[in-house]
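Source file protein-v2.cif; content: mmCIF, C-alpha atoms.
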```cif
data_start
loop_
_atom_site.label_atom_id
_atom_site.label_comp_id
_atom_site.auth_asym_id
_atom_site.auth_seq_id
_atom_site.Cartn_x
_atom_site.Cartn_y
_atom_site.Cartn_z
CA MET A 10 -17.10 42.63 -21.69
CA ASN A 11 -17.92 38.94 -22.04
CA PHE A 12 -16.52 36.18 -19.85
CA PRO A 13 -17.93 32.64 -19.94
CA TYR A 14 -17.26 31.63 -16.31
CA LYS A 15 -18.59 33.02 -13.05
CA LEU A 16 -15.71 31.67 -10.94
CA VAL A 17 -11.95 31.47 -11.53
CA ALA A 18 -10.07 29.25 -9.07
CA THR A 19 -6.29 29.52 -9.01
CA ASP A 20 -3.67 27.55 -7.16
CA LEU A 21 -0.81 29.65 -5.76
CA ASP A 22 2.65 28.05 -5.97
CA GLY A 23 3.70 27.15 -9.49
CA THR A 24 0.47 28.62 -10.86
CA LEU A 25 -0.53 32.15 -9.84
CA LEU A 26 2.85 32.85 -8.22
CA ARG A 27 6.03 33.05 -10.22
CA ASP A 28 9.06 31.26 -8.86
CA ASP A 29 10.07 34.39 -6.90
CA HIS A 30 6.66 34.25 -5.10
CA THR A 31 5.30 37.33 -6.91
CA VAL A 32 2.37 37.80 -9.32
CA SER A 33 3.14 39.54 -12.62
CA GLY A 34 1.48 42.79 -13.60
CA ARG A 35 -0.01 41.10 -16.66
CA THR A 36 -1.67 38.39 -14.58
CA ARG A 37 -2.97 40.95 -12.06
CA GLU A 38 -4.50 42.94 -14.92
CA ALA A 39 -6.12 39.86 -16.45
CA LEU A 40 -7.68 38.86 -13.13
CA ALA A 41 -8.88 42.42 -12.58
CA ALA A 42 -10.53 42.38 -16.01
CA VAL A 43 -12.23 39.07 -15.22
CA THR A 44 -13.61 40.32 -11.91
CA ALA A 45 -14.72 43.55 -13.62
CA ALA A 46 -16.65 41.32 -16.02
CA GLY A 47 -18.52 39.85 -13.05
CA ALA A 48 -16.59 36.68 -12.22
CA ALA A 49 -15.30 35.85 -8.74
CA HIS A 50 -11.68 34.85 -8.12
CA ILE A 51 -10.88 32.32 -5.41
CA VAL A 52 -7.35 31.30 -4.43
CA VAL A 53 -7.17 27.56 -3.72
CA THR A 54 -3.89 26.49 -2.14
CA GLY A 55 -2.30 23.68 -0.22
CA ARG A 56 -0.75 26.25 2.09
CA ALA A 57 -2.45 26.71 5.44
CA VAL A 58 -3.75 30.20 6.26
CA PRO A 59 -0.62 31.40 8.15
CA TRP A 60 1.47 30.60 5.05
CA THR A 61 -1.04 32.26 2.71
CA LYS A 62 -2.39 35.43 4.28
CA HIS A 63 0.72 37.59 3.74
CA ILE A 64 0.62 36.80 0.01
CA LEU A 65 -3.07 37.67 -0.22
CA ASP A 66 -2.49 40.91 1.69
CA ASP A 67 0.30 41.84 -0.73
CA LEU A 68 -2.01 41.20 -3.67
CA GLY A 69 -4.73 43.35 -2.15
CA TYR A 70 -6.92 40.24 -2.32
CA ASP A 71 -10.04 40.55 -0.16
CA GLY A 72 -12.17 37.59 -1.24
CA LEU A 73 -12.42 34.00 -0.08
CA ALA A 74 -9.45 31.66 -0.13
CA VAL A 75 -9.40 27.90 0.24
CA CYS A 76 -6.31 26.91 2.22
CA GLY A 77 -4.71 23.78 3.69
CA GLN A 78 -5.71 21.50 0.77
CA GLY A 79 -9.36 22.36 1.34
CA ALA A 80 -9.33 22.21 5.14
CA GLN A 81 -9.80 25.95 5.62
CA VAL A 82 -12.03 28.60 4.05
CA TYR A 83 -10.53 32.00 4.85
CA HIS A 84 -12.01 35.48 4.32
CA ALA A 85 -8.99 37.52 3.30
CA GLY A 86 -10.73 40.90 3.53
CA GLU A 87 -11.87 40.27 7.10
CA HIS A 88 -8.80 38.21 8.11
CA ARG A 89 -11.21 35.62 9.44
CA LEU A 90 -11.25 31.82 9.34
CA LEU A 91 -14.75 30.74 8.25
CA THR A 92 -14.36 26.96 8.36
CA SER A 93 -11.57 24.62 9.43
CA LEU A 94 -11.27 20.84 9.42
CA THR A 95 -8.65 19.11 11.58
CA LEU A 96 -6.84 15.83 11.20
CA ASP A 97 -7.65 13.05 13.67
CA ARG A 98 -4.29 12.76 15.43
CA ARG A 99 -4.86 9.18 16.53
CA LEU A 100 -5.57 8.09 12.96
CA ALA A 101 -2.61 10.09 11.69
CA GLY A 102 -0.30 8.38 14.18
CA LEU A 103 -1.58 4.97 13.11
CA ALA A 104 -1.16 5.89 9.45
CA LEU A 105 2.42 7.02 9.97
CA SER A 106 3.22 3.77 11.78
CA ARG A 107 1.91 1.79 8.83
CA ILE A 108 3.84 3.88 6.30
CA GLU A 109 7.08 3.52 8.26
CA ALA A 110 6.52 -0.22 8.50
CA GLU A 111 6.66 -0.27 4.68
CA VAL A 112 9.32 2.31 3.82
CA GLY A 113 11.31 2.94 7.02
CA PRO A 114 11.70 6.09 9.15
CA LEU A 115 10.20 9.36 7.93
CA ALA A 116 11.03 12.99 8.66
CA LEU A 117 7.93 14.87 9.80
CA ALA A 118 6.43 18.34 10.00
CA ALA A 119 2.90 19.31 11.05
CA SER A 120 0.60 22.26 10.40
CA ARG A 121 -1.27 23.46 13.48
CA ASP A 122 -4.84 24.66 13.09
CA GLY A 123 -5.86 28.31 13.31
CA LEU A 124 -5.15 31.73 11.85
CA ASP A 125 -1.68 31.78 13.37
CA GLY A 126 -0.96 28.06 13.63
CA GLU A 127 2.73 27.31 13.33
CA VAL A 128 4.25 24.64 11.16
CA LEU A 129 6.23 22.44 13.52
CA VAL A 130 9.31 20.94 11.90
CA GLY A 131 10.89 17.79 13.28
CA PRO A 132 14.46 16.49 13.02
CA GLY A 133 15.65 15.86 9.47
CA TYR A 134 12.72 17.53 7.70
CA ARG A 135 13.91 19.77 4.84
CA VAL A 136 11.99 23.07 4.79
CA GLN A 137 11.35 24.61 1.37
CA GLU A 138 12.87 28.02 0.66
CA GLY A 139 10.78 31.11 1.27
CA PRO A 140 9.64 33.40 4.08
CA LEU A 141 7.38 30.85 5.75
CA PRO A 142 6.83 30.61 9.52
CA ALA A 143 8.25 27.41 10.94
CA LEU A 144 9.00 26.29 14.48
CA PHE A 145 11.72 23.67 14.79
CA VAL A 146 11.22 21.07 17.49
CA ASP A 147 13.65 18.45 18.79
CA ASP A 148 10.96 16.17 20.20
CA PRO A 149 8.49 14.98 17.50
CA ALA A 150 5.94 14.34 20.27
CA GLU A 151 5.44 18.13 20.47
CA MET A 152 3.73 17.99 17.07
CA TRP A 153 0.80 16.08 18.50
CA SER A 154 0.02 18.39 21.42
CA ALA A 155 -2.54 20.62 19.62
CA PRO A 156 -5.05 20.27 16.74
CA LEU A 157 -3.49 19.83 13.29
CA ASN A 158 -4.70 20.34 9.73
CA LYS A 159 -2.12 18.03 8.17
CA VAL A 160 1.19 16.25 8.56
CA TYR A 161 4.07 16.51 6.08
CA VAL A 162 6.30 13.50 5.43
CA GLN A 163 9.70 13.11 3.74
CA HIS A 164 11.85 10.06 3.09
CA PRO A 165 15.66 10.12 2.90
CA GLU A 166 15.77 8.10 -0.35
CA LEU A 167 12.36 7.78 -2.02
CA SER A 168 11.19 10.36 -4.54
CA ASP A 169 8.07 12.38 -3.77
CA ASP A 170 6.01 10.33 -6.23
CA ALA A 171 7.32 7.02 -4.89
CA LEU A 172 6.69 8.05 -1.28
CA ALA A 173 3.15 9.25 -2.04
CA LYS A 174 2.37 6.00 -3.88
CA ALA A 175 3.75 3.80 -1.09
CA ALA A 176 1.92 5.83 1.56
CA ARG A 177 -1.41 5.57 -0.28
CA GLU A 178 -1.04 1.83 -0.61
CA ALA A 179 -0.26 1.52 3.10
CA VAL A 180 -2.95 3.79 4.54
CA GLY A 181 -5.52 4.54 1.84
CA SER A 182 -8.45 3.61 4.07
CA LEU A 183 -7.35 5.77 7.02
CA VAL A 184 -6.24 9.12 5.59
CA ASP A 185 -5.61 10.80 2.24
CA VAL A 186 -2.11 11.30 0.87
CA VAL A 187 -1.24 13.98 -1.70
CA MET A 188 1.89 15.20 -3.44
CA ALA A 189 1.55 18.98 -3.38
CA GLY A 190 4.95 20.12 -4.66
CA PRO A 191 8.68 19.35 -4.60
CA GLY A 192 9.47 17.78 -1.22
CA VAL A 193 5.85 18.15 -0.09
CA VAL A 194 3.93 14.93 0.56
CA GLU A 195 1.01 15.43 2.94
CA ILE A 196 -1.23 13.33 5.18
CA LEU A 197 -4.80 14.73 5.23
CA PRO A 198 -8.20 13.82 6.67
CA LEU A 199 -9.83 11.10 4.57
CA GLY A 200 -12.00 12.61 1.85
CA LEU A 201 -10.50 16.10 2.09
CA SER A 202 -9.34 17.78 -1.12
CA LYS A 203 -9.18 21.14 -2.82
CA ALA A 204 -12.48 20.19 -4.46
CA THR A 205 -14.30 19.87 -1.12
CA GLY A 206 -12.97 23.21 0.09
CA LEU A 207 -13.68 24.95 -3.20
CA SER A 208 -17.24 23.62 -3.29
CA LEU A 209 -17.85 25.09 0.19
CA ALA A 210 -16.43 28.46 -0.80
CA ALA A 211 -18.33 28.51 -4.10
CA ARG A 212 -21.58 27.72 -2.30
CA ARG A 213 -21.09 30.80 -0.12
CA LEU A 214 -21.01 32.83 -3.33
CA GLY A 215 -24.01 31.07 -4.84
CA LEU A 216 -21.80 29.43 -7.51
CA LYS A 217 -21.41 25.86 -8.76
CA ALA A 218 -18.92 23.54 -10.42
CA ALA A 219 -20.45 24.30 -13.82
CA ASP A 220 -19.51 27.98 -13.32
CA THR A 221 -15.84 27.26 -12.58
CA LEU A 222 -12.56 27.60 -14.46
CA ALA A 223 -9.62 26.17 -12.45
CA PHE A 224 -5.83 26.51 -12.81
CA GLY A 225 -3.20 24.30 -11.15
CA ASP A 226 0.14 22.54 -11.44
CA MET A 227 0.36 19.57 -9.05
CA PRO A 228 -1.39 16.24 -8.38
CA ASN A 229 -3.22 17.80 -5.42
CA ASP A 230 -5.11 19.86 -8.02
CA ILE A 231 -6.59 16.75 -9.67
CA PRO A 232 -9.77 16.70 -7.51
CA MET A 233 -10.32 20.40 -8.23
CA PHE A 234 -10.06 19.72 -11.98
CA GLY A 235 -12.52 16.88 -11.56
CA TRP A 236 -14.98 19.23 -9.86
CA ALA A 237 -14.64 22.28 -12.11
CA ARG A 238 -16.18 22.67 -15.54
CA HIS A 239 -12.75 23.35 -17.10
CA GLY A 240 -9.29 22.61 -15.70
CA VAL A 241 -6.16 24.28 -17.06
CA ALA A 242 -2.70 22.90 -16.23
CA MET A 243 0.39 25.08 -16.39
CA ALA A 244 3.21 24.12 -18.78
CA ASN A 245 5.33 23.40 -15.69
CA ALA A 246 2.66 21.11 -14.21
CA HIS A 247 3.16 17.55 -13.03
CA GLU A 248 2.39 14.99 -15.75
CA GLU A 249 -0.40 13.45 -13.65
CA LEU A 250 -2.27 16.75 -13.70
CA LYS A 251 -1.65 17.38 -17.39
CA ALA A 252 -3.14 13.96 -18.11
CA VAL A 253 -6.54 15.00 -16.68
CA ALA A 254 -6.52 18.67 -17.71
CA HIS A 255 -8.85 20.01 -20.37
CA GLN A 256 -6.13 22.40 -21.50
CA VAL A 257 -2.44 23.18 -20.96
CA THR A 258 -1.30 26.80 -20.93
CA ALA A 259 2.06 28.54 -20.62
CA SER A 260 4.11 28.23 -17.44
CA ASN A 261 3.73 30.24 -14.25
CA GLU A 262 6.83 32.19 -15.31
CA ASP A 263 5.23 33.04 -18.67
CA ASP A 264 1.83 34.32 -17.48
CA GLY A 265 -0.04 31.11 -18.24
CA ILE A 266 -3.14 32.25 -16.35
CA ALA A 267 -3.23 35.58 -18.18
CA VAL A 268 -2.84 33.85 -21.56
CA VAL A 269 -6.05 31.88 -21.00
CA LEU A 270 -8.04 34.70 -19.40
CA GLU A 271 -7.12 37.21 -22.09
CA ASP A 272 -8.17 34.75 -24.79
CA LEU A 273 -11.52 34.12 -23.09
CA LEU A 274 -12.14 37.84 -22.66
CA ARG A 275 -11.56 38.36 -26.40
CA THR A 276 -13.86 35.52 -27.44
CA PRO A 277 -17.28 36.80 -28.56
CA PRO A 278 -20.30 35.32 -26.79
CA ARG A 279 -21.97 32.34 -28.46
CA ARG A 280 -25.34 32.99 -30.08
#
```
Once more with this new file: its structure as structure tokens, please.
Amino acid sequence: MNFPYKLVATDLDGTLLRDDHTVSGRTREALAAVTAAGAAHIVVTGRAVPWTKHILDDLGYDGLAVCGQGAQVYHAGEHRLLTSLTLDRRLAGLALSRIEAEVGPLALAASRDGLDGEVLVGPGYRVQEGPLPALFVDDPAEMWSAPLNKVYVQHPELSDDALAKAAREAVGSLVDVVMAGPGVVEILPLGLSKATGLSLAARRLGLKAADTLAFGDMPNDIPMFGWARHGVAMANAHEELKAVAHQVTASNEDDGIAVVLEDLLRTPPRR
């Protein structure tokens, strides 16, 4: 069986996962066929490890996963954190002050580092639906008491895109800002992206950007598409990602990943 890539990198939410947080049988079969053909599959997600590992366990996934927007490389089979990058809390505090000086008060949440790091949720922050571990705190100062991978910000009036744009303009030289999904704007260490995490994971497997096919749906996938040889956006993807994608497939609800993989598996090798 022929397959032209040695590595398939898939985002989770809005990409590999359907809206009910499951993976279809068709997509599972397509990924199994790809790995049987000799390619590796790496999950690359904005979720930190504690919000990812139960999904990987359910999938029977035992390979490497890039979590926390590239901050963490996690070995799912061994339930072990291989690498982890934390956010400088002093810089993050300064960045938030500058953002609030431009747009007004923000609601905050923060992702603590580690295999079991909680997501601390401050007053007014709207948590997305789903079985995700969150610890609600009344005093926002509690968020800064232990190492963090990232900080989440929300604004009572601005859209996600408008907030991300304003935040980048205010603090672009201190930290990175990404829009990772509905209601999810994140403050990250400067220079961190899914591409940096994926490159680390790929190197552990002896693979390179030129070997990689990547799937995603949100602006935080743009660096990964820039790194990979071929980037495929889902039909439900953000327009910013579609604009830089090499290809657009069906939606996450309509087995968009499987559509592409099945087509590639059917394509005869070039002579």
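Each of A:Ala45, A:Leu157, A:Val180, A:Leu144 was compared to Glu111 (chain A) using all atoms listed in the file, and A:Val180 turns out to be the nearest.
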task = Starting from the displayed file, determine the output of the PyMOL selection byres ((chain A and resi 116-123) around 9) and express the residue list as a VMD selection string.
result = chain A and resid 57 to 59 77 81 90 93 to 95 114 to 115 124 to 136 145 149 152 to 153 155 to 165
key: Which residue of A:Ala179, A:Ile64, A:Ala252, A:Leu222 approaches Ser106 (chain A) most closely, using all atoms listed in the file   = A:Ala179
task = Find the residues near Pro13 (chain A): any atom within 12 Å, counting all atoms listed in the file, skip ones fewer than 4 places away on the same chain, and give them as an MDAnalysis selection string.
result = chainID A and resid 17 43:44 46:49 219:222 238:239 269:279
message = Suppose a student applies the PyMOL selection byres ((chain A and resi 209-218) around 12) to this structure; what residues should they get, written as a ChimeraX atom specification?
response = /A:14-18,48-53,72-76,79-84,90-93,201-208,219-223,232-240
Write region 59-74 of chain A as a compact mmCIF listing (two decimals), in the coordinates of the input, completed to N, CA and C atoms.
```
# COMPACT_ATOMS: atom_id res chain seq x y z
N PRO A 59 -1.77 30.59 7.75
CA PRO A 59 -0.62 31.40 8.15
C PRO A 59 0.43 31.54 7.05
N TRP A 60 0.50 30.56 6.15
CA TRP A 60 1.47 30.60 5.05
C TRP A 60 0.89 31.26 3.81
N THR A 61 -0.36 31.70 3.88
CA THR A 61 -1.04 32.26 2.71
C THR A 61 -1.40 33.73 2.88
N LYS A 62 -1.77 34.13 4.10
CA LYS A 62 -2.39 35.43 4.28
C LYS A 62 -1.49 36.60 3.90
N HIS A 63 -0.17 36.47 4.10
CA HIS A 63 0.72 37.59 3.74
C HIS A 63 0.76 37.79 2.22
N ILE A 64 0.64 36.70 1.47
CA ILE A 64 0.62 36.80 0.01
C ILE A 64 -0.67 37.48 -0.45
N LEU A 65 -1.79 37.08 0.15
CA LEU A 65 -3.07 37.67 -0.22
C LEU A 65 -3.11 39.15 0.13
N ASP A 66 -2.55 39.51 1.29
CA ASP A 66 -2.49 40.91 1.69
C ASP A 66 -1.68 41.72 0.68
N ASP A 67 -0.56 41.15 0.23
CA ASP A 67 0.30 41.84 -0.73
C ASP A 67 -0.41 42.05 -2.06
N LEU A 68 -1.26 41.09 -2.42
CA LEU A 68 -2.01 41.20 -3.67
C LEU A 68 -3.18 42.17 -3.57
N GLY A 69 -3.52 42.56 -2.34
CA GLY A 69 -4.73 43.35 -2.15
C GLY A 69 -5.98 42.50 -2.34
N TYR A 70 -5.83 41.21 -2.12
CA TYR A 70 -6.92 40.24 -2.32
C TYR A 70 -7.82 40.26 -1.10
N ASP A 71 -9.14 40.46 -1.31
CA ASP A 71 -10.04 40.55 -0.16
C ASP A 71 -11.21 39.58 -0.23
N GLY A 72 -11.11 38.57 -1.10
CA GLY A 72 -12.17 37.59 -1.24
C GLY A 72 -11.93 36.35 -0.39
N LEU A 73 -12.59 35.27 -0.78
CA LEU A 73 -12.42 34.00 -0.08
C LEU A 73 -11.21 33.26 -0.61
N ALA A 74 -10.55 32.52 0.26
CA ALA A 74 -9.45 31.66 -0.13
C ALA A 74 -9.64 30.29 0.51
```
